[in-house]
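Read the structure below first, then the notes.
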Amino acid sequence: MFPDVLILAGGLGKRLHPVTGGAQKVLATIGDQPFLEILIDYIASQGGMRFILCVGHGSDEVEAHFKKKYQDREIIFSRESIPLGTGGAIKQGSRHVKTDQFLAMNGDCFCVIDYKHLIADHKRNKAKATLAVTSVPDARDYGTIDFSPRGEIEAFKEKQPGKREAFINTGTYCFDRDVFSLVETPSKFSIELDFFPHLVGQGFYAFKVENRFIDIGTPERYSWAQEHLKTLKGQA
């Protein structure tokens, strides 16, 4: 059974405002299709059937678009009344999860991933959390991740001016449903800064992905995605 899928779709996306005019960035179109729709279709092509959208900024527009969009999959909305951060939004949304594991990801990122392989690795390792990582030739703009030959995550490192090739977070995770019982957290927190570092040593693994990681967080990256996602949409 494919696990429930939780997608962050409520960020302000301030850097993309020149393109979106302040509208929710996950609805920014690639060709004639909203970015989030491309992501959902791609996951559904691998078996995803139940999606929990964590909405906040632009929630009315996101809900209006997806509420009756699909007949073959279920869409649930987890709405923030106040911004909860990436961690708080996932934690709140996880209350809707019905499967033993769930996938969680950023709604403004896309990476070609074999989700069934990711889930199988998570179960084989008896992990509590598994983070999909990819190697980039120039990691100066990213925080980086160190892990053992067995894939156990050992450290998260802040952006380093001289850092070149390294592994970075793709924004895609597989969690056990009880993962938030492992670390005490407030209602508002960052999954990357306030949660992941505390999971090191508690069944936290990396899953290596070979493909290019795409995000639409800035006008430059959005423009790049316009061209490069055309070749990937056929896989959705």
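Ordering of the structure tokens sets the chain letters (A, B, ...); residue numbers start at 1 within each chain; ligands are numbered from 1 in the order shown.
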
Go through range 28-104 of chain A residue by residue and, counting only C-alpha atoms, keep those with an atom at most 12 Å from range 114-127 of chain A; for each kept residue give the shortest atom pair and its distance in Å to one decimal, ordered by chain and increasing number, as a Markdown table.
```
| residue | atom | partner | partner_atom | distance |
| --- | --- | --- | --- | --- |
| A:Tyr42 | CA | A:Tyr115 | CA | 10.2 |
| A:Ile43 | CA | A:Tyr115 | CA | 7.8 |
| A:Ala44 | CA | A:Tyr115 | CA | 10.4 |
| A:Ser45 | CA | A:Tyr115 | CA | 10.4 |
| A:Gln46 | CA | A:Tyr115 | CA | 7.3 |
| A:Gly47 | CA | A:Lys116 | CA | 8.7 |
| A:Gly48 | CA | A:Tyr115 | CA | 9.3 |
| A:Asp100 | CA | A:Lys123 | CA | 10.4 |
| A:Gln101 | CA | A:Ile119 | CA | 8.3 |
| A:Phe102 | CA | A:Ile119 | CA | 8.8 |
| A:Leu103 | CA | A:Ile119 | CA | 8.4 |
| A:Ala104 | CA | A:Tyr115 | CA | 11.3 |
```

Within 10 Å of range 89-94 of chain A, which residues of range 143-183 of chain A show up? Give each one with its shortest atom-to-atom distance in Å (one decimal) and the two atoms involved, counting only C-alpha atoms, rows by chain then rising residue number, as a tab-separated table.
```
residue	atom	partner	partner_atom	distance
A:Phe175	CA	A:Ser94	CA	9.8
A:Arg177	CA	A:Ser94	CA	7.2
A:Asp178	CA	A:Ser94	CA	9.1
A:Val179	CA	A:Lys91	CA	9.2
A:Phe180	CA	A:Lys91	CA	6.9
```

Given the selection you just returned, output its residues as a file containing C-alpha atoms, formatted as a PDB file, in the first residue's frame.
```pdb
ATOM      1  CA  PHE A 175       8.630   9.399   8.010  1.00  0.00           C
ATOM      2  CA  ARG A 177       3.824   8.223  11.576  1.00  0.00           C
ATOM      3  CA  ASP A 178       5.112   8.584  15.159  1.00  0.00           C
ATOM      4  CA  VAL A 179       8.296  10.469  14.195  1.00  0.00           C
ATOM      5  CA  PHE A 180       7.285  13.635  16.065  1.00  0.00           C
TER       6      PHE A 180
END
```

Please report as a Markdown table every residue of range 159-214 of chain A lying within 6 Å of range 133-139 of chain A, along with the nearest atom pair and their distance in Å (one decimal), using only C-alpha atoms.
```
| residue | atom | partner | partner_atom | distance |
| --- | --- | --- | --- | --- |
| A:Lys163 | CA | A:Ala139 | CA | 5.7 |
| A:Arg164 | CA | A:Asp138 | CA | 4.3 |
| A:Glu165 | CA | A:Pro137 | CA | 4.1 |
| A:Ala166 | CA | A:Ser135 | CA | 5.4 |
| A:Phe167 | CA | A:Ser135 | CA | 4.2 |
| A:Ile168 | CA | A:Val133 | CA | 5.4 |
| A:Asn169 | CA | A:Val133 | CA | 4.8 |
| A:Thr170 | CA | A:Val133 | CA | 5.4 |
| A:Phe207 | CA | A:Val133 | CA | 5.9 |
| A:Lys208 | CA | A:Val133 | CA | 5.1 |
| A:Val209 | CA | A:Thr134 | CA | 5.0 |
```

Output file for the residues above (N, CA, C and O atoms, as a PDB file, in the first residue's frame):
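Wrote it out as selection_28.pdb, contents follow:
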```pdb
ATOM      1  N   LYS A 163      32.469  25.652  -0.099  1.00  0.00           N
ATOM      2  CA  LYS A 163      32.019  24.267  -0.317  1.00  0.00           C
ATOM      3  C   LYS A 163      31.670  24.028  -1.776  1.00  0.00           C
ATOM      4  O   LYS A 163      30.923  24.798  -2.376  1.00  0.00           O
ATOM      5  N   ARG A 164      32.195  22.970  -2.325  1.00  0.00           N
ATOM      6  CA  ARG A 164      31.882  22.633  -3.709  1.00  0.00           C
ATOM      7  C   ARG A 164      30.942  21.422  -3.734  1.00  0.00           C
ATOM      8  O   ARG A 164      29.847  21.484  -3.219  1.00  0.00           O
ATOM      9  N   GLU A 165      31.368  20.309  -4.314  1.00  0.00           N
ATOM     10  CA  GLU A 165      30.464  19.159  -4.455  1.00  0.00           C
ATOM     11  C   GLU A 165      30.101  18.587  -3.092  1.00  0.00           C
ATOM     12  O   GLU A 165      30.972  18.365  -2.238  1.00  0.00           O
ATOM     13  N   ALA A 166      28.805  18.360  -2.874  1.00  0.00           N
ATOM     14  CA  ALA A 166      28.322  17.820  -1.609  1.00  0.00           C
ATOM     15  C   ALA A 166      26.888  17.359  -1.781  1.00  0.00           C
ATOM     16  O   ALA A 166      26.242  17.646  -2.800  1.00  0.00           O
ATOM     17  N   PHE A 167      26.390  16.632  -0.779  1.00  0.00           N
ATOM     18  CA  PHE A 167      24.995  16.189  -0.798  1.00  0.00           C
ATOM     19  C   PHE A 167      24.116  17.219  -0.108  1.00  0.00           C
ATOM     20  O   PHE A 167      24.467  17.762   0.942  1.00  0.00           O
ATOM     21  N   ILE A 168      22.945  17.484  -0.723  1.00  0.00           N
ATOM     22  CA  ILE A 168      21.986  18.436  -0.170  1.00  0.00           C
ATOM     23  C   ILE A 168      20.611  17.792  -0.066  1.00  0.00           C
ATOM     24  O   ILE A 168      20.333  16.757  -0.688  1.00  0.00           O
ATOM     25  N   ASN A 169      19.774  18.414   0.693  1.00  0.00           N
ATOM     26  CA  ASN A 169      18.399  17.981   0.918  1.00  0.00           C
ATOM     27  C   ASN A 169      17.544  18.285  -0.313  1.00  0.00           C
ATOM     28  O   ASN A 169      17.534  19.419  -0.804  1.00  0.00           O
ATOM     29  N   THR A 170      16.800  17.301  -0.816  1.00  0.00           N
ATOM     30  CA  THR A 170      15.903  17.532  -1.952  1.00  0.00           C
ATOM     31  C   THR A 170      14.522  18.027  -1.512  1.00  0.00           C
ATOM     32  O   THR A 170      13.684  18.347  -2.348  1.00  0.00           O
ATOM     33  N   PHE A 207      18.768   8.795   1.569  1.00  0.00           N
ATOM     34  CA  PHE A 207      18.459   8.019   0.371  1.00  0.00           C
ATOM     35  C   PHE A 207      18.989   8.813  -0.816  1.00  0.00           C
ATOM     36  O   PHE A 207      18.507   9.905  -1.103  1.00  0.00           O
ATOM     37  N   LYS A 208      19.994   8.256  -1.498  1.00  0.00           N
ATOM     38  CA  LYS A 208      20.643   8.995  -2.577  1.00  0.00           C
ATOM     39  C   LYS A 208      19.813   8.972  -3.859  1.00  0.00           C
ATOM     40  O   LYS A 208      19.326   7.927  -4.275  1.00  0.00           O
ATOM     41  N   VAL A 209      19.675  10.154  -4.445  1.00  0.00           N
ATOM     42  CA  VAL A 209      18.949  10.346  -5.698  1.00  0.00           C
ATOM     43  C   VAL A 209      19.926  10.898  -6.720  1.00  0.00           C
ATOM     44  O   VAL A 209      20.681  11.830  -6.422  1.00  0.00           O
TER      45      VAL A 209
END
```

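Summary of the local environment: counting only C-alpha atoms, residues at most 7 Å from Gly143 in chain A, other than itself and those fewer than 2 positions away along its chain, are Lys157, Glu158, Lys159 and Ile168 of chain A.
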
TODO: Would you list the contacts of Leu12 in chain A as a VMD selection string, taking every protein, DNA or RNA residue within 12 Å and counting only C-alpha atoms, but skipping same-chain residues closer than 5 positions in sequence?
DONE: chain A and resid 17 20 to 26 55 to 59 83 to 86 108 217

Write out, as a CSV table (one decimal), in the first residue's frame, the residues just selected, with all heavy atoms.
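Below you can see out-v3.csv, which holds the result:
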```
chain,number,residue,atom,x,y,z
A,17,HIS,N,7.6,36.7,-5.9
A,17,HIS,CA,6.5,37.6,-6.1
A,17,HIS,C,6.6,38.4,-7.4
A,17,HIS,O,5.6,38.7,-8.0
A,17,HIS,CB,6.5,38.6,-4.9
A,17,HIS,CG,5.8,38.1,-3.7
A,17,HIS,ND1,5.4,38.9,-2.7
A,17,HIS,CD2,5.4,36.8,-3.4
A,17,HIS,CE1,4.8,38.1,-1.7
A,17,HIS,NE2,4.8,36.9,-2.2
A,20,THR,N,4.7,35.8,-9.5
A,20,THR,CA,3.4,35.4,-9.1
A,20,THR,C,2.5,36.5,-8.7
A,20,THR,O,1.3,36.4,-8.6
A,20,THR,CB,3.5,34.4,-7.8
A,20,THR,OG1,4.1,35.2,-6.7
A,20,THR,CG2,4.3,33.2,-8.1
A,21,GLY,N,3.1,37.7,-8.5
A,21,GLY,CA,2.3,38.8,-8.0
A,21,GLY,C,1.8,38.6,-6.6
A,21,GLY,O,0.8,39.3,-6.2
A,22,GLY,N,2.4,37.7,-5.8
A,22,GLY,CA,2.0,37.5,-4.5
A,22,GLY,C,1.1,36.3,-4.3
A,22,GLY,O,0.7,35.9,-3.2
A,23,ALA,N,0.6,35.7,-5.4
A,23,ALA,CA,-0.2,34.5,-5.4
A,23,ALA,C,0.6,33.3,-4.9
A,23,ALA,O,1.9,33.3,-4.8
A,23,ALA,CB,-0.8,34.2,-6.7
A,24,GLN,N,0.0,32.2,-4.4
A,24,GLN,CA,0.7,31.1,-3.9
A,24,GLN,C,1.6,30.5,-5.0
A,24,GLN,O,1.1,30.1,-6.1
A,24,GLN,CB,-0.3,30.0,-3.4
A,24,GLN,CG,0.2,28.7,-3.0
A,24,GLN,CD,1.4,28.9,-2.0
A,24,GLN,OE1,2.5,28.5,-2.3
A,24,GLN,NE2,1.1,29.5,-0.8
A,25,LYS,N,2.8,30.3,-4.7
A,25,LYS,CA,3.8,29.9,-5.7
A,25,LYS,C,3.6,28.5,-6.2
A,25,LYS,O,4.0,28.2,-7.3
A,25,LYS,CB,5.2,30.0,-5.1
A,25,LYS,CG,5.6,29.1,-3.9
A,25,LYS,CD,7.0,29.4,-3.4
A,25,LYS,CE,7.3,28.7,-2.2
A,25,LYS,NZ,8.7,28.9,-1.7
A,26,VAL,N,3.0,27.6,-5.4
A,26,VAL,CA,2.8,26.2,-5.9
A,26,VAL,C,1.8,26.2,-7.1
A,26,VAL,O,1.7,25.2,-7.8
A,26,VAL,CB,2.3,25.3,-4.8
A,26,VAL,CG1,3.4,25.2,-3.7
A,26,VAL,CG2,1.0,25.6,-4.3
A,55,VAL,N,-1.8,23.9,3.8
A,55,VAL,CA,-2.1,25.2,3.1
A,55,VAL,C,-2.1,26.4,4.2
A,55,VAL,O,-2.4,26.1,5.4
A,55,VAL,CB,-3.4,25.2,2.4
A,55,VAL,CG1,-3.3,24.3,1.2
A,55,VAL,CG2,-4.6,24.9,3.2
A,56,GLY,N,-1.7,27.5,3.7
A,56,GLY,CA,-1.7,28.7,4.6
A,56,GLY,C,-1.9,29.9,3.7
A,56,GLY,O,-3.0,30.3,3.3
A,57,HIS,N,-0.8,30.6,3.4
A,57,HIS,CA,-0.9,31.7,2.4
A,57,HIS,C,-1.5,31.2,1.1
A,57,HIS,O,-1.0,30.2,0.5
A,57,HIS,CB,0.5,32.3,2.2
A,57,HIS,CG,0.6,33.2,1.0
A,57,HIS,ND1,0.0,34.5,1.1
A,57,HIS,CD2,1.2,33.1,-0.2
A,57,HIS,CE1,0.2,35.1,-0.1
A,57,HIS,NE2,0.9,34.3,-0.9
A,58,GLY,N,-2.5,31.9,0.6
A,58,GLY,CA,-3.1,31.5,-0.7
A,58,GLY,C,-4.0,30.2,-0.6
A,58,GLY,O,-4.2,29.6,-1.6
A,59,SER,N,-4.4,29.9,0.7
A,59,SER,CA,-5.1,28.6,0.9
A,59,SER,C,-6.4,28.6,0.1
A,59,SER,O,-6.8,27.5,-0.4
A,59,SER,CB,-5.4,28.4,2.3
A,59,SER,OG,-6.1,29.5,2.9
A,83,PRO,N,1.1,31.1,10.6
A,83,PRO,CA,2.2,30.4,10.0
A,83,PRO,C,2.9,29.5,11.0
A,83,PRO,O,3.2,29.9,12.2
A,83,PRO,CB,3.2,31.5,9.5
A,83,PRO,CG,2.3,32.7,9.3
A,83,PRO,CD,1.2,32.6,10.4
A,84,LEU,N,3.1,28.2,10.7
A,84,LEU,CA,3.7,27.2,11.6
A,84,LEU,C,5.1,26.8,11.3
A,84,LEU,O,5.7,26.0,12.0
A,84,LEU,CB,2.8,26.0,11.7
A,84,LEU,CG,1.3,26.2,12.2
A,84,LEU,CD1,0.5,24.9,12.0
A,84,LEU,CD2,1.3,26.7,13.6
A,85,GLY,N,5.6,27.3,10.2
A,85,GLY,CA,6.9,26.9,9.8
A,85,GLY,C,6.8,25.5,9.1
A,85,GLY,O,5.8,24.9,9.2
A,86,THR,N,7.9,25.1,8.5
A,86,THR,CA,7.8,23.8,7.7
A,86,THR,C,7.6,22.6,8.7
A,86,THR,O,6.8,21.7,8.3
A,86,THR,CB,9.1,23.6,7.0
A,86,THR,OG1,10.3,23.7,7.8
A,86,THR,CG2,9.3,24.6,5.8
A,108,ASP,N,7.1,23.3,-3.7
A,108,ASP,CA,7.7,24.1,-4.8
A,108,ASP,C,9.0,23.4,-5.3
A,108,ASP,O,9.8,24.1,-5.9
A,108,ASP,CB,8.0,25.5,-4.3
A,108,ASP,CG,9.0,25.5,-3.1
A,108,ASP,OD1,9.3,24.4,-2.6
A,108,ASP,OD2,9.5,26.6,-2.7
A,217,GLY,N,11.8,28.5,-6.3
A,217,GLY,CA,11.7,29.5,-5.3
A,217,GLY,C,12.1,30.9,-5.7
A,217,GLY,O,11.8,31.9,-5.0
```

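Counting only C-alpha atoms, Glu152 in chain A has the following residues at most 8 Å away, ignoring those fewer than 6 positions along the same chain: Gly201, Gly203, Phe204, Tyr205 and Ala206 of chain A.
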
Output N, CA, C and O atoms for every residue in that selection, as a PDB file, in the first residue's frame.
```
ATOM      1  N   GLY A 201      21.157   9.966  14.926  1.00  0.00           N
ATOM      2  CA  GLY A 201      21.371   8.890  15.882  1.00  0.00           C
ATOM      3  C   GLY A 201      20.102   8.191  16.329  1.00  0.00           C
ATOM      4  O   GLY A 201      20.152   7.268  17.142  1.00  0.00           O
ATOM      5  N   GLY A 203      17.763   6.644  14.153  1.00  0.00           N
ATOM      6  CA  GLY A 203      17.165   5.965  13.005  1.00  0.00           C
ATOM      7  C   GLY A 203      16.892   6.911  11.851  1.00  0.00           C
ATOM      8  O   GLY A 203      15.821   6.858  11.237  1.00  0.00           O
ATOM      9  N   PHE A 204      17.867   7.768  11.546  1.00  0.00           N
ATOM     10  CA  PHE A 204      17.727   8.799  10.522  1.00  0.00           C
ATOM     11  C   PHE A 204      18.678   8.464   9.368  1.00  0.00           C
ATOM     12  O   PHE A 204      19.894   8.391   9.574  1.00  0.00           O
ATOM     13  N   TYR A 205      18.123   8.260   8.171  1.00  0.00           N
ATOM     14  CA  TYR A 205      18.906   7.774   7.036  1.00  0.00           C
ATOM     15  C   TYR A 205      18.784   8.698   5.823  1.00  0.00           C
ATOM     16  O   TYR A 205      17.800   9.424   5.675  1.00  0.00           O
ATOM     17  N   ALA A 206      19.808   8.609   4.959  1.00  0.00           N
ATOM     18  CA  ALA A 206      19.805   9.313   3.681  1.00  0.00           C
ATOM     19  C   ALA A 206      19.493   8.320   2.556  1.00  0.00           C
ATOM     20  O   ALA A 206      19.916   7.161   2.605  1.00  0.00           O
TER      21      ALA A 206
END
```

Task: Nearest to Asp215 in chain A, chosen from A:Asp146, A:Glu74, A:Gly107, A:Thr99, with only C-alpha atoms counted in the distances - done: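 Nearest candidate to Asp215 in chain A out of A:Asp146, A:Glu74, A:Gly107, A:Thr99: A:Gly107.
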
Can you check which residues of range 27-226 of chain A DSSP gives as alpha helix (DSSP H) on the backbone and send them as an mmCIF file with N, CA and C atoms, in the first residue's frame?
```cif
data_model
loop_
_atom_site.group_PDB
_atom_site.id
_atom_site.type_symbol
_atom_site.label_atom_id
_atom_site.label_comp_id
_atom_site.auth_asym_id
_atom_site.auth_seq_id
_atom_site.Cartn_x
_atom_site.Cartn_y
_atom_site.Cartn_z
ATOM 1 N N PHE A 35 2.444 24.043 -10.977
ATOM 2 C CA PHE A 35 3.580 23.235 -10.545
ATOM 3 C C PHE A 35 3.150 22.122 -9.603
ATOM 4 N N LEU A 36 2.304 22.442 -8.631
ATOM 5 C CA LEU A 36 1.883 21.431 -7.659
ATOM 6 C C LEU A 36 1.098 20.308 -8.324
ATOM 7 N N GLU A 37 0.358 20.632 -9.343
ATOM 8 C CA GLU A 37 -0.393 19.602 -10.069
ATOM 9 C C GLU A 37 0.559 18.631 -10.763
ATOM 10 N N ILE A 38 1.639 19.146 -11.326
ATOM 11 C CA ILE A 38 2.648 18.283 -11.954
ATOM 12 C C ILE A 38 3.232 17.321 -10.923
ATOM 13 N N LEU A 39 3.536 17.857 -9.736
ATOM 14 C CA LEU A 39 4.103 17.034 -8.673
ATOM 15 C C LEU A 39 3.127 15.950 -8.227
ATOM 16 N N ILE A 40 1.879 16.312 -7.997
ATOM 17 C CA ILE A 40 0.871 15.338 -7.562
ATOM 18 C C ILE A 40 0.668 14.265 -8.630
ATOM 19 N N ASP A 41 0.605 14.667 -9.887
ATOM 20 C CA ASP A 41 0.419 13.700 -10.964
ATOM 21 C C ASP A 41 1.594 12.724 -11.040
ATOM 22 N N TYR A 42 2.797 13.226 -10.820
ATOM 23 C CA TYR A 42 3.978 12.369 -10.864
ATOM 24 C C TYR A 42 3.936 11.332 -9.737
ATOM 25 N N ILE A 43 3.589 11.772 -8.545
ATOM 26 C CA ILE A 43 3.496 10.833 -7.415
ATOM 27 C C ILE A 43 2.368 9.823 -7.658
ATOM 28 N N ALA A 44 1.248 10.289 -8.168
ATOM 29 C CA ALA A 44 0.117 9.394 -8.453
ATOM 30 C C ALA A 44 0.492 8.344 -9.497
ATOM 31 N N SER A 45 1.381 8.702 -10.433
ATOM 32 C CA SER A 45 1.798 7.739 -11.460
ATOM 33 C C SER A 45 2.561 6.571 -10.852
ATOM 34 N N SER A 59 -4.385 29.887 0.651
ATOM 35 C CA SER A 59 -5.108 28.626 0.852
ATOM 36 C C SER A 59 -6.418 28.572 0.065
ATOM 37 N N ASP A 60 -7.123 29.692 -0.050
ATOM 38 C CA ASP A 60 -8.392 29.685 -0.776
ATOM 39 C C ASP A 60 -8.180 29.274 -2.227
ATOM 40 N N GLU A 61 -7.123 29.802 -2.847
ATOM 41 C CA GLU A 61 -6.850 29.487 -4.246
ATOM 42 C C GLU A 61 -6.438 28.022 -4.418
ATOM 43 N N VAL A 62 -5.580 27.546 -3.502
ATOM 44 C CA VAL A 62 -5.131 26.150 -3.596
ATOM 45 C C VAL A 62 -6.314 25.202 -3.402
ATOM 46 N N GLU A 63 -7.138 25.467 -2.402
ATOM 47 C CA GLU A 63 -8.286 24.602 -2.141
ATOM 48 C C GLU A 63 -9.283 24.648 -3.298
ATOM 49 N N ALA A 64 -9.506 25.834 -3.852
ATOM 50 C CA ALA A 64 -10.448 25.951 -4.971
ATOM 51 C C ALA A 64 -9.960 25.149 -6.177
ATOM 52 N N HIS A 65 -8.652 25.148 -6.403
ATOM 53 C CA HIS A 65 -8.128 24.435 -7.573
ATOM 54 C C HIS A 65 -8.182 22.922 -7.404
ATOM 55 N N PHE A 66 -7.846 22.432 -6.181
ATOM 56 C CA PHE A 66 -7.682 20.992 -6.006
ATOM 57 C C PHE A 66 -8.875 20.282 -5.370
ATOM 58 N N GLY A 85 5.631 27.343 10.204
ATOM 59 C CA GLY A 85 6.943 26.874 9.776
ATOM 60 C C GLY A 85 6.824 25.520 9.103
ATOM 61 N N THR A 86 7.891 25.084 8.450
ATOM 62 C CA THR A 86 7.833 23.808 7.723
ATOM 63 C C THR A 86 7.573 22.632 8.659
ATOM 64 N N GLY A 87 8.211 22.660 9.838
ATOM 65 C CA GLY A 87 8.015 21.562 10.795
ATOM 66 C C GLY A 87 6.640 21.567 11.407
ATOM 67 N N GLY A 88 6.187 22.745 11.829
ATOM 68 C CA GLY A 88 4.865 22.840 12.433
ATOM 69 C C GLY A 88 3.761 22.448 11.472
ATOM 70 N N ALA A 89 3.923 22.822 10.198
ATOM 71 C CA ALA A 89 2.911 22.476 9.199
ATOM 72 C C ALA A 89 2.859 20.968 8.953
ATOM 73 N N ILE A 90 4.041 20.341 8.872
ATOM 74 C CA ILE A 90 4.067 18.888 8.670
ATOM 75 C C ILE A 90 3.507 18.170 9.895
ATOM 76 N N LYS A 91 3.887 18.624 11.073
ATOM 77 C CA LYS A 91 3.393 17.989 12.298
ATOM 78 C C LYS A 91 1.870 18.096 12.382
ATOM 79 N N GLN A 92 1.325 19.274 12.097
ATOM 80 C CA GLN A 92 -0.136 19.429 12.115
ATOM 81 C C GLN A 92 -0.790 18.569 11.047
ATOM 82 N N GLY A 93 -0.231 18.572 9.847
ATOM 83 C CA GLY A 93 -0.800 17.777 8.761
ATOM 84 C C GLY A 93 -0.732 16.285 9.021
ATOM 85 N N TYR A 115 9.801 6.547 -5.634
ATOM 86 C CA TYR A 115 9.265 6.612 -4.269
ATOM 87 C C TYR A 115 9.145 5.231 -3.643
ATOM 88 N N LYS A 116 8.815 4.226 -4.434
ATOM 89 C CA LYS A 116 8.697 2.879 -3.875
ATOM 90 C C LYS A 116 10.044 2.385 -3.361
ATOM 91 N N HIS A 117 11.111 2.741 -4.058
ATOM 92 C CA HIS A 117 12.456 2.381 -3.617
ATOM 93 C C HIS A 117 12.800 3.121 -2.323
ATOM 94 N N LEU A 118 12.451 4.404 -2.262
ATOM 95 C CA LEU A 118 12.670 5.200 -1.041
ATOM 96 C C LEU A 118 11.944 4.574 0.146
ATOM 97 N N ILE A 119 10.694 4.216 -0.046
ATOM 98 C CA ILE A 119 9.887 3.629 1.033
ATOM 99 C C ILE A 119 10.461 2.270 1.447
ATOM 100 N N ALA A 120 10.881 1.463 0.459
ATOM 101 C CA ALA A 120 11.449 0.147 0.755
ATOM 102 C C ALA A 120 12.745 0.276 1.557
ATOM 103 N N ASP A 121 13.594 1.247 1.187
ATOM 104 C CA ASP A 121 14.831 1.470 1.935
ATOM 105 C C ASP A 121 14.523 1.901 3.373
ATOM 106 N N HIS A 122 13.547 2.776 3.519
ATOM 107 C CA HIS A 122 13.143 3.238 4.849
ATOM 108 C C HIS A 122 12.731 2.054 5.725
ATOM 109 N N LYS A 123 11.946 1.165 5.178
ATOM 110 C CA LYS A 123 11.483 0.010 5.949
ATOM 111 C C LYS A 123 12.622 -0.967 6.218
ATOM 112 N N ARG A 124 13.464 -1.208 5.220
ATOM 113 C CA ARG A 124 14.573 -2.156 5.399
ATOM 114 C C ARG A 124 15.537 -1.681 6.483
ATOM 115 N N PHE A 196 15.468 18.119 12.304
ATOM 116 C CA PHE A 196 16.386 17.133 11.743
ATOM 117 C C PHE A 196 17.678 16.966 12.547
ATOM 118 N N PRO A 197 18.341 18.044 12.989
ATOM 119 C CA PRO A 197 19.584 17.829 13.742
ATOM 120 C C PRO A 197 19.387 16.979 14.996
ATOM 121 N N HIS A 198 18.198 17.041 15.593
ATOM 122 C CA HIS A 198 17.921 16.271 16.814
ATOM 123 C C HIS A 198 17.560 14.808 16.518
ATOM 124 N N LEU A 199 17.338 14.485 15.248
ATOM 125 C CA LEU A 199 17.043 13.103 14.872
ATOM 126 C C LEU A 199 18.298 12.279 14.622
ATOM 127 N N PRO A 219 12.802 33.743 -9.237
ATOM 128 C CA PRO A 219 12.496 33.918 -10.669
ATOM 129 C C PRO A 219 13.476 33.191 -11.577
ATOM 130 N N GLU A 220 14.766 33.162 -11.203
ATOM 131 C CA GLU A 220 15.759 32.497 -12.035
ATOM 132 C C GLU A 220 15.522 30.988 -12.069
ATOM 133 N N ARG A 221 15.252 30.400 -10.896
ATOM 134 C CA ARG A 221 15.009 28.949 -10.849
ATOM 135 C C ARG A 221 13.682 28.591 -11.506
ATOM 136 N N TYR A 222 12.705 29.457 -11.359
ATOM 137 C CA TYR A 222 11.409 29.227 -12.012
ATOM 138 C C TYR A 222 11.579 29.237 -13.525
ATOM 139 N N SER A 223 12.344 30.177 -14.051
ATOM 140 C CA SER A 223 12.607 30.239 -15.484
ATOM 141 C C SER A 223 13.321 28.983 -15.956
ATOM 142 N N TRP A 224 14.294 28.519 -15.162
ATOM 143 C CA TRP A 224 15.020 27.285 -15.500
ATOM 144 C C TRP A 224 14.065 26.099 -15.508
ATOM 145 N N ALA A 225 13.174 26.046 -14.516
ATOM 146 C CA ALA A 225 12.211 24.940 -14.422
ATOM 147 C C ALA A 225 11.271 24.922 -15.614
ATOM 148 N N GLN A 226 10.904 26.105 -16.115
ATOM 149 C CA GLN A 226 10.014 26.181 -17.276
ATOM 150 C C GLN A 226 10.553 25.345 -18.430
#
```

Open item on the list: As an exercise, work out the distance from CA of Cys54 in chain A to CA of Tyr173 in chain A in Å and give it to one decimal place.
Closed with: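 Between CA of Cys54 in chain A and CA of Tyr173 in chain A the gap works out to 14.9 Å.
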
- [ ] Tell me, in Å to one decimal, how far CA of Thr218 in chain A is from CA of Leu53 in chain A.
- [x]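 Computed distance, CA of Thr218 in chain A to CA of Leu53 in chain A, equals 21.6 Å.
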
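If only C-alpha atoms are the atoms counted, then among A:Thr130, A:Gly171, A:Glu154, A:Arg140 the closest residue to Leu8 in chain A is A:Gly171.
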